[in-house]
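Structure file input28.txt (compact mmCIF, C-alpha atoms) follows.
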```
# COMPACT_ATOMS: atom_id res chain seq x y z
CA MET A 1 0.00 0.00 0.00
CA THR A 2 1.39 3.38 -1.02
CA HIS A 3 0.70 6.53 0.96
CA HIS A 4 1.56 10.05 -0.16
CA PHE A 5 2.26 13.34 1.50
CA GLU A 6 2.87 16.70 -0.11
CA PHE A 7 5.98 18.82 0.24
CA GLN A 8 5.98 22.22 -1.42
CA GLY A 9 3.35 21.02 -3.87
CA THR A 10 5.05 17.74 -4.80
CA ARG A 11 3.61 14.35 -3.85
CA VAL A 12 6.06 12.07 -2.03
CA PRO A 13 5.18 8.33 -2.20
CA LEU A 14 5.82 5.97 0.74
CA ASP A 15 5.20 2.28 0.12
CA THR A 16 4.32 0.51 3.38
CA ASP A 17 4.45 -2.95 1.82
CA GLU A 18 7.95 -2.29 0.51
CA LEU A 19 8.95 -0.95 3.94
CA VAL A 20 7.77 -4.14 5.66
CA GLU A 21 9.46 -6.31 3.03
CA LEU A 22 12.75 -4.46 3.49
CA ALA A 23 12.60 -4.56 7.30
CA LEU A 24 11.98 -8.32 7.27
CA ALA A 25 14.77 -8.90 4.74
CA LEU A 26 17.24 -6.97 6.91
CA CYS A 27 16.17 -8.74 10.09
CA ASN A 28 16.24 -12.22 8.63
CA ILE A 29 19.95 -11.79 7.95
CA GLU A 30 21.44 -12.56 11.34
CA SER A 31 24.04 -10.01 12.42
CA PRO A 32 25.11 -10.25 16.07
CA ALA A 33 27.87 -7.81 17.01
CA GLY A 34 31.05 -8.76 15.21
CA GLU A 35 29.23 -10.56 12.39
CA GLU A 36 27.73 -7.70 10.38
CA ALA A 37 29.26 -8.44 6.94
CA GLU A 38 26.33 -10.28 5.34
CA VAL A 39 23.70 -7.70 6.20
CA GLY A 40 26.16 -4.95 5.28
CA ALA A 41 26.53 -6.48 1.81
CA PHE A 42 22.72 -6.60 1.46
CA ILE A 43 22.41 -2.92 2.39
CA HIS A 44 25.20 -1.97 0.02
CA ASP A 45 23.51 -3.83 -2.84
CA TRP A 46 20.14 -2.24 -2.07
CA MET A 47 21.64 1.26 -2.07
CA ALA A 48 23.45 0.54 -5.33
CA ARG A 49 20.23 -0.66 -7.02
CA GLU A 50 18.33 2.40 -5.80
CA GLY A 51 20.99 4.84 -7.02
CA PHE A 52 22.56 6.02 -3.77
CA ALA A 53 26.17 5.34 -4.88
CA PRO A 54 27.16 3.42 -1.71
CA ARG A 55 30.67 3.03 -0.31
CA LYS A 56 32.06 0.49 2.12
CA ILE A 57 34.13 2.24 4.77
CA SER A 58 36.01 -0.19 6.99
CA MET A 59 38.79 -0.69 9.47
CA PHE A 60 38.42 -4.45 8.88
CA PRO A 61 37.13 -6.04 5.66
CA ASP A 62 34.34 -8.00 7.39
CA ARG A 63 33.19 -5.16 9.66
CA PHE A 64 32.40 -2.30 7.31
CA ASN A 65 30.16 0.75 7.39
CA VAL A 66 27.88 1.43 4.44
CA LEU A 67 27.44 5.05 3.33
CA GLY A 68 25.07 6.09 0.55
CA THR A 69 24.34 9.57 -0.77
CA LEU A 70 21.47 11.41 -2.42
CA PRO A 71 23.37 14.51 -3.56
CA GLY A 72 22.15 18.06 -3.25
CA ALA A 73 23.17 21.20 -5.11
CA GLY A 74 25.82 22.02 -2.50
CA ASP A 75 24.41 25.23 -1.04
CA GLY A 76 22.16 23.73 1.64
CA TYR A 77 22.32 21.92 4.94
CA SER A 78 23.25 18.24 4.78
CA LEU A 79 21.84 15.46 6.93
CA ILE A 80 23.08 11.95 7.69
CA PHE A 81 20.68 9.23 8.79
CA ASN A 82 22.25 6.57 10.96
CA SER A 83 21.31 3.15 12.31
CA HIS A 84 23.35 0.15 13.39
CA MET A 85 23.48 -3.24 11.72
CA ASP A 86 24.59 -5.30 14.72
CA THR A 87 22.00 -6.91 16.98
CA GLY A 88 22.24 -7.66 20.68
CA ARG A 89 21.37 -11.36 20.92
CA SER A 90 23.72 -14.17 19.89
CA LYS A 91 23.33 -17.94 20.04
CA ALA A 92 26.66 -17.89 21.89
CA ASP A 93 25.12 -15.99 24.83
CA VAL A 94 24.62 -19.17 26.85
CA TRP A 95 25.48 -17.50 30.17
CA SER A 96 23.39 -14.36 29.81
CA ILE A 97 20.20 -15.56 28.08
CA ARG A 98 18.20 -18.53 29.31
CA ASP A 99 17.25 -19.61 25.78
CA PRO A 100 19.66 -17.87 23.39
CA GLY A 101 18.48 -19.85 20.36
CA VAL A 102 14.82 -18.79 20.47
CA GLY A 103 13.65 -17.65 17.03
CA ILE A 104 12.65 -14.08 17.88
CA ASN A 105 16.30 -13.31 18.67
CA HIS A 106 17.48 -14.35 15.22
CA GLY A 107 14.74 -13.56 12.70
CA ALA A 108 11.60 -11.52 12.11
CA TRP A 109 8.01 -11.88 10.92
CA VAL A 110 4.79 -9.88 10.65
CA LYS A 111 1.47 -10.88 12.20
CA ASP A 112 -1.78 -8.90 12.54
CA GLY A 113 -0.13 -5.57 11.80
CA THR A 114 2.81 -6.09 14.16
CA LEU A 115 6.45 -6.80 13.31
CA PHE A 116 8.29 -9.17 15.64
CA GLY A 117 12.02 -9.69 16.01
CA GLU A 118 14.96 -8.47 18.05
CA GLY A 119 16.43 -6.89 14.94
CA ILE A 120 13.21 -5.00 14.22
CA VAL A 121 13.35 -3.07 17.48
CA ASN A 122 17.14 -2.73 17.64
CA ASP A 123 17.72 -1.36 15.08
CA LYS A 124 16.91 -2.53 11.56
CA GLY A 125 13.26 -1.45 11.64
CA PRO A 126 14.10 2.27 11.88
CA MET A 127 16.95 1.69 9.41
CA ALA A 128 14.48 0.33 6.85
CA ALA A 129 12.26 3.37 7.53
CA PHE A 130 14.90 5.93 6.59
CA MET A 131 16.02 3.86 3.58
CA ILE A 132 12.45 3.87 2.25
CA ALA A 133 12.12 7.57 3.15
CA ALA A 134 15.20 8.38 1.07
CA LYS A 135 13.88 6.28 -1.83
CA ALA A 136 10.59 8.22 -1.68
CA ILE A 137 12.41 11.57 -1.81
CA LYS A 138 14.44 10.38 -4.79
CA ALA A 139 11.32 9.09 -6.55
CA ALA A 140 9.52 12.39 -5.99
CA GLY A 141 12.34 14.21 -7.80
CA ILE A 142 12.53 17.04 -5.26
CA ALA A 143 15.76 19.01 -5.70
CA LEU A 144 17.82 19.08 -2.53
CA ARG A 145 20.21 21.89 -1.69
CA GLY A 146 22.26 19.80 0.76
CA ASP A 147 23.29 16.15 0.58
CA LEU A 148 21.21 13.43 2.23
CA LEU A 149 23.46 10.64 3.53
CA LEU A 150 22.37 7.15 4.59
CA SER A 151 24.61 5.21 6.96
CA ALA A 152 24.51 1.71 8.38
CA VAL A 153 27.22 0.93 10.92
CA PRO A 154 28.62 -2.05 12.84
CA GLY A 155 29.71 -2.06 16.45
CA GLU A 156 26.99 -0.06 18.22
CA ILE A 157 25.72 -2.76 20.58
CA GLY A 158 28.68 -2.31 22.90
CA TYR A 159 30.89 -5.36 22.88
CA GLU A 160 34.12 -4.06 24.38
CA ALA A 161 37.59 -5.61 24.47
CA VAL A 162 38.58 -6.98 27.90
CA ASP A 163 40.68 -9.88 29.14
CA GLU A 164 40.99 -12.44 26.32
CA PHE A 165 38.06 -10.91 24.40
CA ALA A 166 40.12 -8.89 21.93
CA SER A 167 39.87 -7.06 18.62
CA PRO A 168 38.63 -7.11 15.95
CA ARG A 169 35.56 -9.03 17.13
CA TYR A 170 35.19 -7.07 20.36
CA LEU A 171 35.73 -3.57 19.05
CA SER A 172 32.66 -1.39 18.73
CA LYS A 173 32.59 2.35 18.12
CA GLU A 174 36.15 2.30 16.76
CA VAL A 175 35.04 0.26 13.73
CA GLY A 176 31.55 1.76 13.50
CA ALA A 177 30.21 5.30 13.66
CA ARG A 178 33.49 6.90 14.74
CA TYR A 179 35.40 5.31 11.86
CA LEU A 180 32.62 6.29 9.47
CA VAL A 181 32.76 9.97 10.43
CA GLN A 182 36.55 10.07 10.40
CA HIS A 183 36.53 8.67 6.86
CA GLY A 184 33.97 10.84 5.15
CA GLY A 185 30.58 10.25 6.78
CA VAL A 186 30.24 13.95 7.56
CA ALA A 187 27.14 16.13 7.41
CA ASP A 188 25.87 19.26 9.09
CA PHE A 189 23.47 17.23 11.24
CA ALA A 190 22.80 13.60 12.14
CA LEU A 191 19.51 11.89 12.85
CA VAL A 192 20.04 8.58 14.63
CA ALA A 193 17.04 6.38 13.89
CA GLU A 194 16.18 4.38 17.01
CA GLY A 195 13.06 3.88 19.11
CA THR A 196 12.09 6.87 21.29
CA ASP A 197 8.27 6.69 21.37
CA PHE A 198 8.12 9.48 18.77
CA ARG A 199 10.00 11.83 21.06
CA TYR A 200 13.56 13.07 20.72
CA SER A 201 16.83 13.15 22.60
CA GLY A 202 19.93 15.14 21.76
CA ILE A 203 22.09 13.71 24.52
CA GLU A 204 22.88 10.20 25.75
CA ALA A 205 24.87 8.68 28.57
CA GLY A 206 28.51 7.79 28.22
CA LYS A 207 29.92 4.78 30.01
CA ALA A 208 32.81 3.55 32.10
CA PHE A 209 33.41 -0.16 32.60
CA PHE A 210 35.23 -1.44 35.66
CA LYS A 211 36.67 -4.83 36.56
CA ILE A 212 36.65 -5.31 40.32
CA THR A 213 38.80 -8.29 41.30
CA VAL A 214 38.44 -9.77 44.80
CA PHE A 215 41.38 -11.86 45.99
CA GLY A 216 41.07 -15.03 48.05
CA ALA A 217 43.55 -17.24 49.88
CA PRO A 218 45.81 -19.75 48.06
CA GLN A 219 43.76 -22.59 46.62
CA PHE A 220 42.44 -25.40 48.79
CA TYR A 221 41.59 -28.83 47.43
CA THR A 222 37.97 -29.58 48.41
CA PRO A 223 38.70 -32.14 51.20
CA PHE A 224 41.19 -29.74 52.84
CA THR A 225 39.02 -26.60 52.73
CA PRO A 226 38.64 -25.29 56.32
CA MET A 227 35.24 -24.58 57.82
CA ALA A 228 34.62 -20.84 57.65
CA GLU A 229 31.76 -18.37 58.02
CA VAL A 230 30.89 -16.10 55.13
CA GLY A 231 33.18 -13.15 55.65
CA PRO A 232 36.26 -11.32 54.39
CA ASP A 233 38.55 -14.05 55.76
CA HIS A 234 36.86 -16.93 53.94
CA PRO A 235 39.52 -18.61 51.78
CA ASN A 236 37.34 -18.69 48.65
CA ALA A 237 37.33 -15.45 46.60
CA ILE A 238 33.84 -16.30 45.31
CA VAL A 239 32.46 -16.31 48.85
CA ARG A 240 34.32 -13.10 49.66
CA ALA A 241 32.90 -11.40 46.57
CA SER A 242 29.37 -12.22 47.74
CA LEU A 243 29.93 -9.63 50.50
CA LEU A 244 30.69 -6.95 47.96
CA ILE A 245 27.61 -7.38 45.79
CA PRO A 246 25.02 -5.89 48.21
CA ARG A 247 27.41 -3.05 49.00
CA LEU A 248 27.84 -2.37 45.30
CA GLN A 249 24.08 -2.34 44.79
CA ALA A 250 23.59 0.19 47.57
CA TRP A 251 26.38 2.31 46.07
CA ALA A 252 24.78 2.06 42.61
CA ASN A 253 21.42 3.30 43.91
CA ASP A 254 23.14 6.29 45.53
CA TYR A 255 25.29 6.90 42.43
CA GLU A 256 22.19 7.22 40.25
CA LYS A 257 20.59 9.77 42.58
CA ARG A 258 23.76 11.84 42.98
CA HIS A 259 24.57 12.09 39.28
CA THR A 260 21.21 12.64 37.51
CA HIS A 261 21.90 15.34 34.93
CA THR A 262 19.37 17.52 33.07
CA THR A 263 20.02 19.52 29.90
CA LYS A 264 17.91 21.15 27.19
CA ASP A 265 18.30 17.98 25.10
CA GLY A 266 17.30 15.40 27.71
CA THR A 267 17.90 14.01 31.19
CA ILE A 268 20.48 11.35 31.98
CA VAL A 269 19.75 9.07 34.92
CA PRO A 270 23.04 7.15 35.07
CA LYS A 271 22.69 3.54 36.16
CA ALA A 272 25.44 1.25 37.46
CA VAL A 273 24.94 -2.49 36.97
CA ILE A 274 26.98 -5.65 37.53
CA GLY A 275 26.90 -7.24 34.08
CA ALA A 276 29.21 -10.22 34.52
CA ILE A 277 31.10 -12.28 37.09
CA ARG A 278 34.03 -14.66 36.58
CA ALA A 279 35.80 -17.03 38.94
CA GLY A 280 37.26 -20.50 38.94
CA ASN A 281 37.05 -23.10 36.19
CA PRO A 282 33.71 -24.88 35.67
CA TYR A 283 35.53 -27.98 34.42
CA HIS A 284 37.69 -28.09 37.57
CA VAL A 285 35.61 -27.29 40.64
CA THR A 286 37.78 -29.28 43.04
CA ARG A 287 39.69 -26.10 44.03
CA THR A 288 38.62 -22.90 45.72
CA SER A 289 39.20 -19.82 43.59
CA GLU A 290 41.96 -17.35 44.39
CA LEU A 291 40.19 -14.53 42.57
CA CYS A 292 36.69 -13.45 41.58
CA ALA A 293 36.01 -10.58 39.18
CA LEU A 294 32.87 -8.45 38.95
CA TYR A 295 32.35 -6.40 35.78
CA LEU A 296 30.51 -3.12 36.32
CA ASP A 297 28.82 -0.86 33.74
CA CYS A 298 28.59 2.73 35.03
CA ARG A 299 26.72 5.21 32.85
CA LEU A 300 28.12 8.74 32.68
CA THR A 301 26.98 12.33 32.24
CA PRO A 302 29.06 14.98 30.42
CA VAL A 303 30.58 16.04 33.77
CA SER A 304 31.31 12.56 35.16
CA ASP A 305 34.86 11.81 36.33
CA PRO A 306 35.74 8.12 35.79
CA LEU A 307 38.76 8.38 38.06
CA GLU A 308 36.59 9.62 40.93
CA ILE A 309 34.24 6.69 40.34
CA ARG A 310 37.24 4.34 40.48
CA ARG A 311 38.31 5.93 43.77
CA GLU A 312 34.83 5.36 45.23
CA LEU A 313 34.91 1.71 44.16
CA ARG A 314 38.35 1.23 45.71
CA ASP A 315 37.08 2.77 48.94
CA LEU A 316 34.06 0.45 48.86
CA LEU A 317 36.33 -2.57 48.48
CA ALA A 318 38.44 -1.48 51.44
CA GLU A 319 35.41 -0.68 53.61
CA THR A 320 34.09 -4.19 53.00
CA GLY A 321 37.38 -5.54 54.35
CA LEU A 322 38.37 -7.18 51.07
CA GLU A 323 41.70 -7.36 49.32
CA GLY A 324 41.48 -6.68 45.62
CA GLU A 325 41.87 -4.21 42.79
CA VAL A 326 39.71 -1.99 40.57
CA GLU A 327 40.55 -1.60 36.87
CA LEU A 328 38.97 0.96 34.56
CA PHE A 329 38.96 -0.83 31.20
CA LEU A 330 36.61 1.37 29.16
CA TYR A 331 35.82 5.08 29.09
CA ARG A 332 33.43 6.68 26.62
CA ARG A 333 32.37 10.25 27.41
CA SER A 334 28.91 11.75 27.17
CA TYR A 335 28.51 14.74 24.86
CA GLY A 336 25.67 17.20 24.38
CA ALA A 337 24.27 18.04 20.96
CA GLY A 338 25.57 21.56 20.45
CA ASP A 339 23.59 23.80 18.09
CA ASN A 340 20.96 21.40 16.73
CA GLU A 341 18.22 23.97 16.12
CA VAL A 342 18.02 23.60 12.32
CA LEU A 343 17.63 19.83 12.65
CA LEU A 344 15.26 20.16 15.58
CA ASP A 345 13.11 22.63 13.67
CA GLY A 346 12.92 20.24 10.72
CA LEU A 347 12.08 17.32 13.00
CA ARG A 348 9.37 19.37 14.73
CA ARG A 349 7.75 20.11 11.39
CA GLY A 350 8.00 16.51 10.25
CA HIS A 351 6.66 15.18 13.53
CA GLU A 352 3.76 17.62 13.75
CA ALA A 353 2.69 17.00 10.15
CA THR A 354 2.80 13.22 10.58
CA ILE A 355 2.15 12.36 14.22
CA GLY A 356 0.29 15.48 15.34
CA GLY A 357 0.88 17.47 18.51
CA ALA A 358 4.05 19.09 19.72
CA LEU A 359 7.40 17.28 19.58
CA GLU A 360 8.49 16.45 23.14
CA LEU A 361 11.70 15.36 24.83
CA ALA A 362 12.11 11.62 25.27
CA GLU A 363 11.76 10.02 28.67
CA PRO A 364 15.05 9.84 30.63
CA VAL A 365 15.47 6.13 29.92
CA PHE A 366 16.07 6.98 26.24
CA SER A 367 18.71 9.62 26.99
CA SER A 368 20.35 7.40 29.63
CA MET A 369 21.49 4.66 27.25
CA TRP A 370 24.19 4.60 24.58
CA ARG A 371 23.30 5.41 21.01
CA ASP A 372 25.66 6.60 18.29
CA VAL A 373 24.25 10.10 18.61
CA LEU A 374 27.16 10.50 21.05
CA ILE A 375 29.73 9.80 18.35
CA PHE A 376 28.29 12.47 16.07
CA ASN A 377 28.08 14.96 18.93
CA GLU A 378 31.66 14.14 19.91
CA MET A 379 32.79 14.78 16.33
CA GLY A 380 31.04 18.17 16.22
CA ILE A 381 27.99 17.05 14.21
CA PRO A 382 24.86 18.03 16.20
CA ALA A 383 22.72 14.91 16.45
CA ILE A 384 19.26 13.84 17.58
CA THR A 385 17.79 10.40 18.25
CA TYR A 386 14.18 9.87 17.12
CA GLY A 387 12.10 6.85 16.26
CA PRO A 388 8.92 4.84 16.79
CA PRO A 389 7.53 3.17 19.90
CA ARG A 390 8.70 -0.40 20.46
CA SER A 391 8.16 -3.17 22.96
CA PHE A 392 11.64 -4.25 23.94
CA ARG A 393 10.29 -7.04 26.14
CA GLN A 394 8.10 -8.48 23.40
CA GLN A 395 10.57 -7.39 20.68
CA ALA A 396 7.72 -5.95 18.65
CA MET A 397 6.78 -2.81 16.73
CA SER A 398 3.60 -1.98 14.85
CA VAL A 399 3.69 -1.67 11.06
CA ASP A 400 1.75 1.58 11.34
CA ASP A 401 4.32 3.13 13.70
CA LEU A 402 7.19 2.08 11.45
CA ALA A 403 5.43 3.60 8.44
CA ARG A 404 4.81 6.82 10.34
CA SER A 405 8.51 6.92 11.22
CA ALA A 406 9.39 6.71 7.53
CA ALA A 407 7.10 9.66 6.86
CA VAL A 408 8.66 11.73 9.66
CA TYR A 409 12.16 10.90 8.41
CA ALA A 410 11.25 11.89 4.84
CA ARG A 411 9.66 15.16 5.90
CA THR A 412 12.57 15.99 8.22
CA ALA A 413 15.15 15.32 5.50
CA LEU A 414 13.24 17.55 3.10
CA GLU A 415 12.91 20.34 5.67
CA VAL A 416 16.65 20.28 6.42
CA CYS A 417 18.16 19.51 3.01
CA THR A 418 16.10 22.07 1.06
CA ARG A 419 17.20 24.85 3.39
CA GLU A 420 20.00 27.20 2.33
CA LYS A 421 23.13 27.07 4.46
CA PRO A 422 24.75 30.46 5.06
CA ARG A 423 28.43 30.66 4.19
CA ARG A 424 30.82 30.83 7.12
CA ARG A 425 33.58 33.34 6.77
CA ALA A 426 36.94 32.77 8.43
CA THR A 427 37.54 35.09 11.36
CA GLY A 428 41.16 34.44 12.29
CA ALA A 429 43.03 36.49 14.85
CA ALA A 430 44.67 39.68 13.63
```

Final structure tokens representation of the file:
Amino acid sequence: MTHHFEFQGTRVPLDTDELVELALALCNIESPAGEEAEVGAFIHDWMAREGFAPRKISMFPDRFNVLGTLPGAGDGYSLIFNSHMDTGRSKADVWSIRDPGVGINHGAWVKDGTLFGEGIVNDKGPMAAFMIAAKAIKAAGIALRGDLLLSAVPGEIGYEAVDEFASPRYLSKEVGARYLVQHGGVADFALVAEGTDFRYSGIEAGKAFFKITVFGAPQFYTPFTPMAEVGPDHPNAIVRASLLIPRLQAWANDYEKRHTHTTKDGTIVPKAVIGAIRAGNPYHVTRTSELCALYLDCRLTPVSDPLEIRRELRDLLAETGLEGEVELFLYRRSYGAGDNEVLLDGLRRGHEATIGGALELAEPVFSSMWRDVLIFNEMGIPAITYGPPRSFRQQAMSVDDLARSAAVYARTALEVCTREKPRRRATGAA
């Protein structure tokens, strides 16, 4: 079914059936983080067929960004759409997902007007929406003043190198959006297409990852292990670490309250969560463990100090009476959007014409996660995240909402890319 909207007297066609077909095709190519090549090749081929002159931009041959362009005359504002190709569920996740092989994590389908699939909600559904939006603009033949860029990137999900989990598989932003921008994926503004309940955010949380290692006594063979109460002197590091977990949770609750940060582009409520724990060898449980590591994800605001957080965690370890160490193994800053008013004005117009009502800021949960809007903001490209409602628990999104997203994206691109960009004159020091 094809719907139309008018822009400056020209009808712009949006084909909902084609949108659904494209979203399902993207999502039925499995692409867990680190394995994005097949879906990247599909996107590249689609852009080539549709006349967007795509390029593969890559640090590694099998982890490439795809960048397509609908060129403008050169005297207007340019806009880059962005979504990520990698998905967050892998069949290898046997220690974080109870049933990692369940179908909804690895494919997609449509039923009764609803699209189902992990890839649909994160993030190939919105990607399909801006691809179809760009095709509609091209089909309408509307002359753009600034370029419209389409980008699909690997490495957004957030696998990060630590311990034996090394590059290139466990690199993220370095191979994805950051590499894209550094190698030509540059525009005046960026719209990151991800679910926000049809609201917007211009800021997101950064993150610092910590490895907290608790030390135990030299190993005991099971028959020789002394009787001991749960406490800091228990010989087993696993038992000792159990004392730290409730203290860490109390600290995390306080951390969130102390560091909530509000800006004009959204509110960050920074969470801190234990995401992994390692100790001992499951194939050799006849020995107590001499060390137990907890891996902590701390979300950051633009004014967060990761070294101060590390100091607090070291103090917490000492106060619990435990010997150990705290390692900061990842730091990614939070950045605000800068001057995003031209993009925000275009998005307002597109949202109001399609959804109705005023465009509102997204709920704090949407500005408290990581999206690649941060990379664009970091690189001096004012960015906004905007997209349809989604059920992350059910991994579902309505066809109607996805179609409305495509319409908002098309209208926004037209509002921005048909607008003249004033020349900037150099004003060097005398």

Query - For Glu156 in chain A: contacts at 10 Å, all atoms listed in the file, fewer than 4 positions along chain excluded, given as a list in words - result: Ala33, Ser83, His84, Met85, Asp86, Thr87, Gly88, Asp123, Leu171, Ser172, Lys173, Glu174, Val175, Gly176, Ala177, Trp370, Arg371 and Asp372 of chain A

Kindly list the centre and edge lengths in Å, rounded to one decimal, for the axis-aligned box that covers all listed atoms of range 185-189 of chain A plus 8 Å on each of its six sides, as AutoDock Vina command-line options.
```
--center_x 27.0 --center_y 14.8 --center_z 9.0 --size_x 23.1 --size_y 25.0 --size_z 20.5
```

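Taking CA of Glu36 in chain A as the reference point, CA of Phe392 in chain A is found at 21.3 Å.
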
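The smallest atom-to-atom distance between Ala37 in chain A and any of A:Arg314, A:Lys271, A:Arg11, A:Arg169, using all atoms listed in the file, is found for A:Arg169.
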
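Remark: residues at most 12 Å from position (27.8, -3.0, 51.1) in file coordinates are Ala241, Ser242, Leu243, Leu244, Ile245, Pro246, Arg247, Leu248, Gln249, Ala250, Trp251, Ala252, Asn253, Asp254, Leu313, Asp315, Leu316, Leu317, Ala318, Glu319, Thr320, Gly321 and Leu322 of chain A, using only C-alpha atoms.
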
Grab the residues selected above and save them as a JSON list (two decimals), in the coordinates of the input with C-alpha atoms.
```
[["chain", "number", "residue", "atom", "x", "y", "z"],
["A", 241, "ALA", "CA", 32.90, -11.40, 46.57],
["A", 242, "SER", "CA", 29.37, -12.22, 47.74],
["A", 243, "LEU", "CA", 29.93, -9.63, 50.50],
["A", 244, "LEU", "CA", 30.69, -6.95, 47.96],
["A", 245, "ILE", "CA", 27.61, -7.38, 45.79],
["A", 246, "PRO", "CA", 25.02, -5.89, 48.21],
["A", 247, "ARG", "CA", 27.41, -3.05, 49.00],
["A", 248, "LEU", "CA", 27.84, -2.37, 45.30],
["A", 249, "GLN", "CA", 24.08, -2.34, 44.79],
["A", 250, "ALA", "CA", 23.59, 0.19, 47.57],
["A", 251, "TRP", "CA", 26.38, 2.31, 46.07],
["A", 252, "ALA", "CA", 24.78, 2.06, 42.61],
["A", 253, "ASN", "CA", 21.42, 3.30, 43.91],
["A", 254, "ASP", "CA", 23.14, 6.29, 45.53],
["A", 313, "LEU", "CA", 34.91, 1.71, 44.16],
["A", 315, "ASP", "CA", 37.08, 2.77, 48.94],
["A", 316, "LEU", "CA", 34.06, 0.45, 48.86],
["A", 317, "LEU", "CA", 36.33, -2.57, 48.48],
["A", 318, "ALA", "CA", 38.44, -1.48, 51.44],
["A", 319, "GLU", "CA", 35.41, -0.68, 53.61],
["A", 320, "THR", "CA", 34.09, -4.19, 53.00],
["A", 321, "GLY", "CA", 37.38, -5.54, 54.35],
["A", 322, "LEU", "CA", 38.37, -7.18, 51.07]]
```

Report summary line: From CA of Glu118 in chain A to CA of Gly387 in chain A the spacing works out at 15.7 Å

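Among the candidate residues A:Ala136, A:Ala48, A:Leu344, A:Leu22, the one lying nearest to Phe5 in chain A is A:Ala136, with distances computed using all atoms listed in the file.
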
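For the pair CA of Lys211 in chain A and CA of Glu164 in chain A, the separation is 13.5 Å.
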
Requested in this report: Please provide the set of residues having any atom within 9 Å of Thr418 in chain A, restricted to all atoms listed in the file, with same-chain residues fewer than 3 positions apart removed, written as number ranges by chain.
Outcome: A: 72, 76-78, 142-146, 413-415

Requested in this report: Skip Lys264 in chain A itself and residues of its chain fewer than 5 positions away, then list as an MDAnalysis selection string all residues within 12 Å of it, counting all atoms listed in the file.
Outcome: chainID A and resid 200:203 336:341 344 360:362 367

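All residues of protein, DNA or RNA that reach within 10 Å of Leu374 in chain A, judged by all atoms listed in the file and not counting those fewer than 2 positions away in the chain, are Ala177, Arg178, Val192, Gly202, Ile203, Glu204, Ala205, Gly206, Arg332, Arg333, Ser334, Tyr335, Gly336, Ala337, Trp370, Arg371, Asp372, Phe376, Asn377, Glu378, Met379, Gly380, Ile381, Pro382, Ala383, Ile384 and Thr385 of chain A.
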
Requested in this report: Find the residues around Gly107 in chain A up to 7 Å (only C-alpha atoms counted), leave out those fewer than 5 positions away in its own chain, and share them as a list in words.
Outcome: Cys27, Asn28, Glu30 and Gly117 of chain A

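Nearest-residue note for Gly141 in chain A: choosing from A:Thr354, A:Thr10, A:Thr301, A:Ser398, the minimum distance belongs to A:Thr10, counting only C-alpha atoms.
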
Would you fill the gaps in range 281-292 of chain A so it has N, CA and C atoms, then print it as an mmCIF file, in the coordinates of the input?
```
data_model
loop_
_atom_site.group_PDB
_atom_site.id
_atom_site.type_symbol
_atom_site.label_atom_id
_atom_site.label_comp_id
_atom_site.auth_asym_id
_atom_site.auth_seq_id
_atom_site.Cartn_x
_atom_site.Cartn_y
_atom_site.Cartn_z
ATOM 1 N N ASN A 281 37.190 -22.391 37.451
ATOM 2 C CA ASN A 281 37.050 -23.100 36.190
ATOM 3 C C ASN A 281 35.927 -24.111 36.312
ATOM 4 N N PRO A 282 34.853 -23.977 35.509
ATOM 5 C CA PRO A 282 33.710 -24.880 35.670
ATOM 6 C C PRO A 282 34.047 -26.342 35.411
ATOM 7 N N TYR A 283 35.123 -26.600 34.677
ATOM 8 C CA TYR A 283 35.530 -27.980 34.420
ATOM 9 C C TYR A 283 36.441 -28.523 35.514
ATOM 10 N N HIS A 284 36.764 -27.674 36.512
ATOM 11 C CA HIS A 284 37.690 -28.090 37.570
ATOM 12 C C HIS A 284 37.267 -27.426 38.886
ATOM 13 N N VAL A 285 36.173 -27.924 39.447
ATOM 14 C CA VAL A 285 35.610 -27.290 40.640
ATOM 15 C C VAL A 285 36.118 -27.940 41.929
ATOM 16 N N THR A 286 37.217 -28.640 41.847
ATOM 17 C CA THR A 286 37.780 -29.280 43.040
ATOM 18 C C THR A 286 38.744 -28.357 43.782
ATOM 19 N N ARG A 287 38.820 -27.084 43.371
ATOM 20 C CA ARG A 287 39.690 -26.100 44.030
ATOM 21 C C ARG A 287 38.884 -24.842 44.335
ATOM 22 N N THR A 288 39.165 -24.234 45.470
ATOM 23 C CA THR A 288 38.620 -22.900 45.720
ATOM 24 C C THR A 288 39.297 -21.919 44.762
ATOM 25 N N SER A 289 38.650 -20.802 44.514
ATOM 26 C CA SER A 289 39.200 -19.820 43.590
ATOM 27 C C SER A 289 39.981 -18.747 44.326
ATOM 28 N N GLU A 290 41.123 -18.385 43.771
ATOM 29 C CA GLU A 290 41.960 -17.350 44.390
ATOM 30 C C GLU A 290 41.523 -15.951 43.972
ATOM 31 N N LEU A 291 40.663 -15.844 42.985
ATOM 32 C CA LEU A 291 40.190 -14.530 42.570
ATOM 33 C C LEU A 291 38.789 -14.635 41.964
ATOM 34 N N CYS A 292 38.037 -13.560 42.124
ATOM 35 C CA CYS A 292 36.690 -13.450 41.580
ATOM 36 C C CYS A 292 36.520 -12.034 41.059
#
```
